[in-house]
Amino acid sequence: MAKYRLLRDRIVGDPFHADDVLLIPNAATFEQLCLAHSSEYVERVINGKLTEGEIKRIGFPWTLEMVERSRRSSGATLAAATHALLEGIAVNMAGGTHHAMRDAGEGFCVFNDAAIALLTLLGQGAIERGVVIDCDVHQGNGTAQILAGNPNTFTFSIHGAKNFPLRKFPSDLDIDLPDGTDDEEYLASLRLALVEVLSNGPFDLAIYLAGADPFQGDRLGRLKLTKQGLASRDEMVLRTLRSQGIPIAIAMAGGYAHSIVDIVDIHAQTIRIASYLQNTKSHPYLHPPID
């Protein structure tokens, strides 16, 4: 979890973000959590009643702090989505817990922040349709399962074909990539996929999971994207959505590089690109300066 503290320190200390507003979000409420998860599962998480097998499946031990962090992370994506509807782009410097399913946590994910945010805003009538653009290296099985069959949502995941989870729950659109996929191959696949995603619109909100784990130095990723390739990915997604006038909430999702500095670099450049695009009308695909 150190990457989140280091990322915040990086953003706070960067003069580029001097005019950006940092907010502490409210935790997701019990009622909001239960829009995406069964009340029985939510109650057992909050009250520490998960079985040993369920805790092992999540990947870290149950603590009161774990519950609070998971609720805050979900609340942060909801807050980012709410502010995106007003401002165009907003960022949760955590989140992207896309393996959490309706009745279970998995893969370091307890509650599914993207599903919670979309279902909350749909229930409030703030949006009519939403899309999840999941560019974490692992398939968003939990998001796909929770939102399956919902006509007001569309789920897209581009990920490693042979990577976790081995049993994938189908998204509305999945792009399975072979091990070793590089920048050029990845970006070509993503470009075509975004065209298909938009053909299933219109959408009032997009939640973008900007995982750092397709990076070539990631311990769990198995893809071969460079930092520049990931910057191009971010810019492609964000510019494509903005060209359609779709508000964007960004969550950081996974990152497991050998060097934590690399993880923070990648997440920080995502936030820098988002901030840059929020405040400029420069020529498409002209990268901002990235340190």
# chains A, B, ... in the order shown; residues from 1 in each chain; ligands from 1
call {"tool": "residues_around", "arguments": {"residues": "Gln124 (chain A)", "least_positions_apart": "4", "cutoff": "12 Å", "atoms": "only C-alpha atoms", "output": "PyMOL selection string"}}
result
chain A and resi 32+35+82+117-120+128
call {"tool": "write_last_selection", "arguments": {"atoms": "C-alpha atoms", "output": "short mmCIF file (atom, residue, chain, number, x, y, z; two decimals), in the first residue's frame"}}
result
data_model
loop_
_atom_site.label_atom_id
_atom_site.label_comp_id
_atom_site.auth_asym_id
_atom_site.auth_seq_id
_atom_site.Cartn_x
_atom_site.Cartn_y
_atom_site.Cartn_z
CA GLN A 32 -24.08 2.12 -1.64
CA LEU A 35 -25.94 -1.79 -4.78
CA THR A 82 -19.52 12.85 -9.25
CA ALA A 117 -20.01 4.32 -8.45
CA LEU A 118 -21.97 3.54 -11.61
CA LEU A 119 -24.88 1.90 -9.80
CA THR A 120 -25.08 4.73 -7.27
CA GLU A 128 -28.51 7.14 -17.77
#
call {"tool": "closest_atom_pairs", "arguments": {"of": "region 126-181 of chain A", "to": "region 205-227 of chain A", "cutoff": "6 Å", "atoms": "only C-alpha atoms", "output": "Markdown table"}}
result
| residue | atom | partner | partner_atom | distance |
| --- | --- | --- | --- | --- |
| A:Gly130 | CA | A:Leu205 | CA | 4.9 |
| A:Val131 | CA | A:Ala206 | CA | 4.8 |
| A:Val132 | CA | A:Ile207 | CA | 4.8 |
| A:Ile133 | CA | A:Tyr208 | CA | 4.7 |
| A:Asp134 | CA | A:Leu209 | CA | 4.7 |
| A:Cys135 | CA | A:Ala210 | CA | 5.5 |
| A:Asp136 | CA | A:Gly211 | CA | 4.0 |
| A:Val137 | CA | A:Pro214 | CA | 5.1 |
| A:Asp179 | CA | A:Arg222 | CA | 5.4 |
| A:Gly180 | CA | A:Leu223 | CA | 4.5 |
| A:Thr181 | CA | A:Leu223 | CA | 5.1 |
call {"tool": "residues_around", "arguments": {"residues": "Arg102 (chain A)", "least_positions_apart": "3", "cutoff": "8 Å", "atoms": "only C-alpha atoms", "output": "number ranges by chain"}}
result
A: 36-38, 41, 142, 145-146
call {"tool": "write_last_selection", "arguments": {"atoms": "C-alpha atoms", "output": "PDB file, in the first residue's frame"}}
result
ATOM      1  CA  ALA A  36     -23.033  -3.864  -6.119  1.00  0.00           C
ATOM      2  CA  HIS A  37     -22.648  -6.518  -3.421  1.00  0.00           C
ATOM      3  CA  SER A  38     -25.009  -8.728  -1.460  1.00  0.00           C
ATOM      4  CA  TYR A  41     -21.285 -10.281   2.060  1.00  0.00           C
ATOM      5  CA  GLY A 142     -15.807  -8.808 -10.827  1.00  0.00           C
ATOM      6  CA  GLN A 145     -20.090 -10.208 -13.165  1.00  0.00           C
ATOM      7  CA  ILE A 146     -21.781  -7.462 -11.144  1.00  0.00           C
TER       8      ILE A 146
END
call {"tool": "select_by_dssp", "arguments": {"residues": "region 33-176 of chain A", "states": "helix (DSSP H, G or I)", "output": "ChimeraX atom specification"}}
result
/A:33-36,39-46,52-58,64-87,113-124,141-147
call {"tool": "select_by_dssp", "arguments": {"residues": "region 122-239 of chain A", "states": "strand (DSSP E or B)", "output": "list in words"}}
result
Gly130, Val131, Val132, Ile133, Asp134, Thr153, Phe154, Thr155, Phe156, Ser157, Ile158, His159, Gly160, Leu173, Asp174, Ile175, Asp176, Leu177, Asp182, Leu205, Ala206, Ile207, Tyr208, Leu209, Phe215, Asp218, Lys224 and Leu225 of chain A
call {"tool": "write_last_selection", "arguments": {"atoms": "C-alpha atoms", "output": "short mmCIF file (atom, residue, chain, number, x, y, z; two decimals), in the first residue's frame"}}
result
data_model
loop_
_atom_site.label_atom_id
_atom_site.label_comp_id
_atom_site.auth_asym_id
_atom_site.auth_seq_id
_atom_site.Cartn_x
_atom_site.Cartn_y
_atom_site.Cartn_z
CA GLY A 130 -22.07 4.39 -18.02
CA VAL A 131 -19.04 2.55 -19.36
CA VAL A 132 -16.02 0.97 -17.67
CA ILE A 133 -12.76 1.15 -19.65
CA ASP A 134 -10.51 -1.35 -17.88
CA THR A 153 -23.80 -0.16 -18.39
CA PHE A 154 -21.09 -1.40 -20.76
CA THR A 155 -17.92 -3.14 -19.61
CA PHE A 156 -14.68 -3.30 -21.60
CA SER A 157 -11.45 -4.99 -20.52
CA ILE A 158 -8.12 -5.27 -22.36
CA HIS A 159 -5.79 -7.66 -20.57
CA GLY A 160 -3.36 -10.55 -20.70
CA LEU A 173 -16.16 -6.53 -24.76
CA ASP A 174 -12.91 -8.34 -23.91
CA ILE A 175 -9.57 -8.02 -25.70
CA ASP A 176 -7.24 -10.90 -24.77
CA LEU A 177 -3.57 -10.18 -25.44
CA ASP A 182 4.48 -4.51 -26.82
CA LEU A 205 -19.85 8.73 -17.76
CA ALA A 206 -16.76 6.59 -18.21
CA ILE A 207 -14.74 5.02 -15.42
CA TYR A 208 -11.18 4.41 -16.60
CA LEU A 209 -8.99 1.87 -14.79
CA PHE A 215 4.47 -2.23 -17.78
CA ASP A 218 5.86 -5.52 -13.70
CA LYS A 224 5.92 -5.41 -22.44
CA LEU A 225 4.64 -1.84 -22.49
#
call {"tool": "closest_residue", "arguments": {"among": "A:Asn163, A:Asn152, A:Gln244, A:Asn279", "to": "Val195 (chain A)", "atoms": "only C-alpha atoms"}}
result
A:Gln244
call {"tool": "residues_around", "arguments": {"residues": "Asp19 (chain A)", "least_positions_apart": "4", "cutoff": "12 Å", "atoms": "only C-alpha atoms", "output": "count of residues only"}}
result
9
call {"tool": "atom_distance", "arguments": {"atom1": "CA of Ser171 (chain A)", "atom2": "CA of Ala126 (chain A)"}}
result
23.7 Å
call {"tool": "closest_atom_pairs", "arguments": {"of": "region 111-173 of chain A", "to": "region 50-73 of chain A", "cutoff": "10 Å", "atoms": "only C-alpha atoms", "output": "JSON lines"}}
result
{"residue": "A:Phe111", "atom": "CA", "partner": "A:Ser70", "partner_atom": "CA", "distance": 6.4}
{"residue": "A:Asn112", "atom": "CA", "partner": "A:Ser70", "partner_atom": "CA", "distance": 9.0}
{"residue": "A:Asp113", "atom": "CA", "partner": "A:Ser73", "partner_atom": "CA", "distance": 6.9}
